[in-house]
file data_33.txt (compact mmCIF, C-alpha atoms)
# COMPACT_ATOMS: atom_id res chain seq x y z
CA MET A 84 0.00 0.00 0.00
CA THR A 85 1.26 3.50 -0.84
CA ALA A 86 0.12 7.09 -0.33
CA ASN A 87 1.06 10.45 -1.74
CA TRP A 88 2.14 13.35 0.45
CA ALA A 89 -1.41 14.77 0.72
CA ALA A 90 -2.77 11.47 2.04
CA PHE A 91 0.06 11.27 4.60
CA ALA A 92 -0.52 14.89 5.69
CA THR A 93 -4.25 14.21 6.09
CA ALA A 94 -3.66 11.02 8.09
CA GLU A 95 -0.92 12.45 10.35
CA PRO A 96 -0.84 16.27 10.13
CA ASP A 97 1.47 16.80 13.13
CA LEU A 98 4.08 14.34 11.92
CA ALA A 99 3.77 15.61 8.35
CA GLY A 100 4.36 19.18 9.57
CA THR A 101 7.50 18.10 11.43
CA VAL A 102 8.78 16.13 8.44
CA GLU A 103 8.09 19.00 6.04
CA LYS A 104 9.89 21.43 8.36
CA ARG A 105 12.93 19.10 8.52
CA PHE A 106 13.12 18.82 4.73
CA GLY A 107 12.48 22.55 4.32
CA GLY A 108 15.29 23.50 6.70
CA TYR A 109 18.03 22.57 4.23
CA THR A 110 18.31 22.35 0.47
CA HIS A 111 20.21 19.09 0.08
CA HIS A 112 19.25 15.67 1.45
CA VAL A 113 20.40 12.07 0.90
CA LEU A 114 18.64 9.71 -1.51
CA ALA A 115 19.32 5.97 -1.50
CA THR A 116 18.59 3.99 -4.67
CA LEU A 117 19.51 0.53 -5.92
CA ARG A 118 22.21 0.02 -8.55
CA LYS A 119 21.94 -2.54 -11.36
CA ASP A 120 23.71 -5.14 -9.22
CA GLY A 121 21.36 -4.49 -6.26
CA SER A 122 23.90 -2.66 -4.13
CA PRO A 123 22.88 0.68 -2.60
CA ARG A 124 23.79 4.07 -4.03
CA THR A 125 23.50 7.28 -2.00
CA SER A 126 23.33 10.67 -3.66
CA GLY A 127 22.63 14.25 -2.75
CA LEU A 128 19.22 15.53 -3.81
CA GLU A 129 16.91 18.52 -3.58
CA VAL A 130 13.36 17.72 -2.45
CA ARG A 131 10.16 19.73 -2.97
CA ILE A 132 6.68 19.30 -1.51
CA LEU A 133 4.23 20.96 -3.89
CA GLY A 134 0.57 20.42 -4.66
CA GLY A 135 0.15 17.51 -2.28
CA GLU A 136 3.11 15.59 -3.73
CA LEU A 137 6.70 14.95 -2.67
CA TRP A 138 8.83 15.55 -5.78
CA LEU A 139 12.36 14.41 -6.60
CA GLY A 140 14.09 16.37 -9.35
CA MET A 141 17.41 15.26 -10.88
CA MET A 142 19.85 16.15 -13.60
CA SER A 143 19.21 14.52 -16.95
CA GLY A 144 20.99 11.19 -17.23
CA SER A 145 22.04 11.08 -13.57
CA LEU A 146 22.79 7.64 -12.15
CA LYS A 147 20.16 8.03 -9.44
CA ALA A 148 17.51 8.75 -12.10
CA LEU A 149 18.60 5.70 -14.08
CA ASP A 150 18.46 3.63 -10.87
CA LEU A 151 14.89 4.77 -10.20
CA ARG A 152 13.81 4.04 -13.77
CA ARG A 153 15.07 0.48 -13.33
CA ASP A 154 13.83 -0.02 -9.74
CA PRO A 155 11.58 2.70 -8.27
CA ARG A 156 12.28 1.89 -4.60
CA PHE A 157 14.03 4.63 -2.64
CA ALA A 158 14.87 5.85 0.84
CA LEU A 159 15.24 9.54 1.57
CA GLN A 160 17.03 10.96 4.61
CA ALA A 161 16.58 14.58 5.70
CA ASN A 162 19.77 16.58 6.09
CA PRO A 163 20.59 16.48 9.81
CA GLY A 164 21.86 20.05 9.75
CA GLU A 165 24.80 21.59 11.51
CA GLY A 166 26.24 20.12 14.69
CA THR A 167 24.57 17.31 16.58
CA GLY A 168 21.32 18.96 17.73
CA MET A 169 19.11 17.59 14.93
CA GLY A 170 16.20 19.88 15.88
CA GLY A 171 12.99 18.06 15.04
CA GLY A 172 14.72 14.69 15.00
CA ASP A 173 15.99 12.38 12.32
CA VAL A 174 13.49 11.97 9.46
CA ARG A 175 13.40 9.24 6.78
CA ILE A 176 10.92 8.46 4.02
CA SER A 177 10.71 5.26 1.98
CA GLY A 178 8.65 4.58 -1.08
CA ARG A 179 8.56 4.35 -4.84
CA ALA A 180 9.42 7.07 -7.35
CA ILE A 181 7.37 7.33 -10.53
CA GLU A 182 8.91 9.34 -13.38
CA VAL A 183 6.69 12.11 -14.73
CA ASP A 184 6.90 12.89 -18.44
CA ASP A 185 3.66 14.88 -18.65
CA VAL A 186 4.56 18.26 -20.18
CA GLU A 187 1.96 20.21 -18.19
CA THR A 188 3.07 18.74 -14.87
CA LYS A 189 6.75 19.33 -15.62
CA SER A 190 6.00 22.91 -16.74
CA GLY A 191 4.23 23.58 -13.44
CA TYR A 192 7.24 22.24 -11.56
CA VAL A 193 9.57 24.43 -13.63
CA ARG A 194 7.48 27.53 -12.81
CA GLU A 195 7.73 26.77 -9.08
CA VAL A 196 11.29 25.47 -8.76
CA GLU A 197 13.22 26.75 -11.82
CA PRO A 198 15.47 23.68 -12.09
CA PRO A 199 18.27 23.49 -14.65
CA GLU A 200 16.91 21.83 -17.77
CA PRO A 201 16.71 19.17 -19.01
CA PHE A 202 15.86 17.19 -15.89
CA HIS A 203 14.11 14.09 -14.60
CA LEU A 204 11.07 14.56 -12.36
CA PHE A 205 9.73 11.85 -10.09
CA ARG A 206 6.50 11.85 -8.08
CA THR A 207 6.67 9.70 -4.95
CA GLU A 208 4.42 7.06 -3.48
CA LEU A 209 5.20 6.77 0.23
CA THR A 210 5.42 3.39 1.94
CA GLU A 211 6.88 4.54 5.27
CA VAL A 212 7.75 7.72 7.17
CA VAL A 213 9.95 7.48 10.28
CA ARG A 214 10.95 10.14 12.77
CA THR A 215 13.47 9.39 15.52
CA TYR A 216 14.20 11.86 18.32
CA VAL A 217 15.32 12.10 21.93
CA GLU A 218 12.78 13.09 24.57
CA ASP A 219 13.76 14.53 27.96
CA ASP A 220 17.39 13.45 27.39
CA LYS A 221 16.17 10.02 28.49
CA TYR A 222 14.07 8.33 25.82
CA LEU A 223 14.73 7.46 22.22
CA VAL A 224 11.36 7.90 20.51
CA VAL A 225 10.62 6.36 17.11
CA GLN A 226 7.43 7.33 15.26
CA ILE A 227 6.53 5.06 12.34
CA TRP A 228 3.76 5.74 9.82
CA THR A 229 2.73 3.41 7.02
CA PRO A 230 -0.28 3.93 4.73
CA GLY A 231 -3.52 2.52 6.08
CA ASN A 232 -2.17 2.14 9.63
CA PRO A 233 -2.24 4.38 12.68
CA LEU A 234 0.95 6.10 13.77
CA ARG A 235 3.04 3.75 15.90
CA THR A 236 5.31 5.19 18.59
CA VAL A 237 8.09 3.22 20.28
CA LYS A 238 9.97 4.63 23.30
CA ARG A 239 13.26 3.16 24.50
CA THR A 240 15.46 4.09 27.46
call {"tool": "encode", "arguments": {"input": "data_33.txt", "output": "structure tokens"}}
result
Amino acid sequence: MTANWAAFATAEPDLAGTVEKRFGGYTHHVLATLRKDGSPRTSGLEVRILGGELWLGMMSGSLKALDLRRDPRFALQANPGEGTGMGGGDVRISGRAIEVDDVETKSGYVREVEPPEPFHLFRTELTEVVRTYVEDDKYLVVQIWTPGNPLRTVKRT
């Protein structure tokens, strides 16, 4: 089961707000894809949340784009920021990336983002969103959301 950003934000608005703030705090994040041989590849990436969708834009012909064309599964890690504070916690999203070739959709993205052209544009289908943070300097708290399920929270000491 998958969901787009709008469905996630409707299901869990507080978590979605925190996740969006974490991704909005920095321009570059880390994308993990799968190479031809199945081994992982990590790459820097800019992320945009627009019109109820989480978008991944990439340079034309980039290896990460070719990876996603071959196998759409991805993991996305928010930039932790400077130092070790990680305000808002550590945020990760997993899902599938679907390449968008529709001229109208890409034109709308260009108007909003002004990426260098040509470029690949992928719309995401989320399969999991995870936030990990420290509470009261005592607990490690892990929030896990998957489509169709309530938010699950695990606390460890």
call {"tool": "closest_atom_pairs", "arguments": {"input": "data_33.txt", "of": "region 115-165 of chain A", "to": "region 211-221 of chain A", "cutoff": "10 Å", "atoms": "all atoms listed in the file", "output": "tab-separated table"}}
result
residue	atom	partner	partner_atom	distance
A:Ala158	CA	A:Glu211	CA	9.2
A:Leu159	CA	A:Val212	CA	9.5
A:Gln160	CA	A:Val213	CA	9.7
call {"tool": "atom_distance", "arguments": {"input": "data_33.txt", "atom1": "CA of Phe202 (chain A)", "atom2": "CA of Asn162 (chain A)"}}
result
22.3 Å
call {"tool": "residues_near_point", "arguments": {"input": "data_33.txt", "point": "(20.7, 8.5, -1.6)", "cutoff": "6 Å", "atoms": "only C-alpha atoms", "output": "PyMOL selection string"}}
result
chain A and resi 113-116+124-126
call {"tool": "closest_residue", "arguments": {"input": "data_33.txt", "among": "A:Glu129, A:Asp120, A:Glu103, A:Asp97", "to": "Pro198 (chain A)", "atoms": "all atoms listed in the file"}}
result
A:Glu129
call {"tool": "residues_around", "arguments": {"input": "data_33.txt", "residues": "region 178-187 of chain A", "least_positions_apart": "3", "cutoff": "9 Å", "atoms": "only C-alpha atoms", "output": "list in words"}}
result
Thr85, Ala86, Trp138, Leu139, Ala148, Leu151, Arg152, Asp154, Pro155, Arg156, Phe157, Ala158, Leu159, Ser190, Gly191, Tyr192, His203, Leu204, Phe205, Arg206, Thr207, Glu208, Leu209, Thr210, Glu211 and Val212 of chain A
call {"tool": "closest_residue", "arguments": {"input": "data_33.txt", "among": "A:Lys147, A:Gln226, A:Met142, A:Arg235", "to": "Ile176 (chain A)", "atoms": "only C-alpha atoms"}}
result
A:Gln226
call {"tool": "atom_distance", "arguments": {"input": "data_33.txt", "atom1": "CA of Gly231 (chain A)", "atom2": "CA of Glu95 (chain A)"}}
result
11.1 Å
call {"tool": "atom_distance", "arguments": {"input": "data_33.txt", "atom1": "CA of Tyr109 (chain A)", "atom2": "CA of Leu133 (chain A)"}}
result
16.1 Å
call {"tool": "closest_residue", "arguments": {"input": "data_33.txt", "among": "A:Leu149, A:Leu234, A:Leu98, A:Ala161", "to": "Arg118 (chain A)", "atoms": "all atoms listed in the file"}}
result
A:Leu149
call {"tool": "closest_residue", "arguments": {"input": "data_33.txt", "among": "A:Asn87, A:Thr101, A:Thr93, A:Ser122", "to": "Arg175 (chain A)", "atoms": "only C-alpha atoms"}}
result
A:Thr101
call {"tool": "residues_near_point", "arguments": {"input": "data_33.txt", "point": "(4.4, 17.9, 5.1)", "cutoff": "9 Å", "atoms": "all atoms listed in the file", "output": "ChimeraX atom specification"}}
result
/A:88-89,91-92,96-104,106,132,135,137
call {"tool": "write_last_selection", "arguments": {"input": "data_33.txt", "atoms": "C-alpha atoms", "output": "PDB file, keeping the file's coordinate frame"}}
result
ATOM      1  CA  TRP A  88       2.140  13.350   0.450  1.00  0.00           C
ATOM      2  CA  ALA A  89      -1.410  14.770   0.720  1.00  0.00           C
ATOM      3  CA  PHE A  91       0.060  11.270   4.600  1.00  0.00           C
ATOM      4  CA  ALA A  92      -0.520  14.890   5.690  1.00  0.00           C
ATOM      5  CA  PRO A  96      -0.840  16.270  10.130  1.00  0.00           C
ATOM      6  CA  ASP A  97       1.470  16.800  13.130  1.00  0.00           C
ATOM      7  CA  LEU A  98       4.080  14.340  11.920  1.00  0.00           C
ATOM      8  CA  ALA A  99       3.770  15.610   8.350  1.00  0.00           C
ATOM      9  CA  GLY A 100       4.360  19.180   9.570  1.00  0.00           C
ATOM     10  CA  THR A 101       7.500  18.100  11.430  1.00  0.00           C
ATOM     11  CA  VAL A 102       8.780  16.130   8.440  1.00  0.00           C
ATOM     12  CA  GLU A 103       8.090  19.000   6.040  1.00  0.00           C
ATOM     13  CA  LYS A 104       9.890  21.430   8.360  1.00  0.00           C
ATOM     14  CA  PHE A 106      13.120  18.820   4.730  1.00  0.00           C
ATOM     15  CA  ILE A 132       6.680  19.300  -1.510  1.00  0.00           C
ATOM     16  CA  GLY A 135       0.150  17.510  -2.280  1.00  0.00           C
ATOM     17  CA  LEU A 137       6.700  14.950  -2.670  1.00  0.00           C
TER      18      LEU A 137
END
call {"tool": "closest_residue", "arguments": {"input": "data_33.txt", "among": "A:Leu146, A:Gly108, A:Glu136, A:Leu223", "to": "Arg239 (chain A)", "atoms": "all atoms listed in the file"}}
result
A:Leu223
call {"tool": "closest_residue", "arguments": {"input": "data_33.txt", "among": "A:Val225, A:Val174, A:Met141, A:Ala90", "to": "Gly107 (chain A)", "atoms": "only C-alpha atoms"}}
result
A:Val174
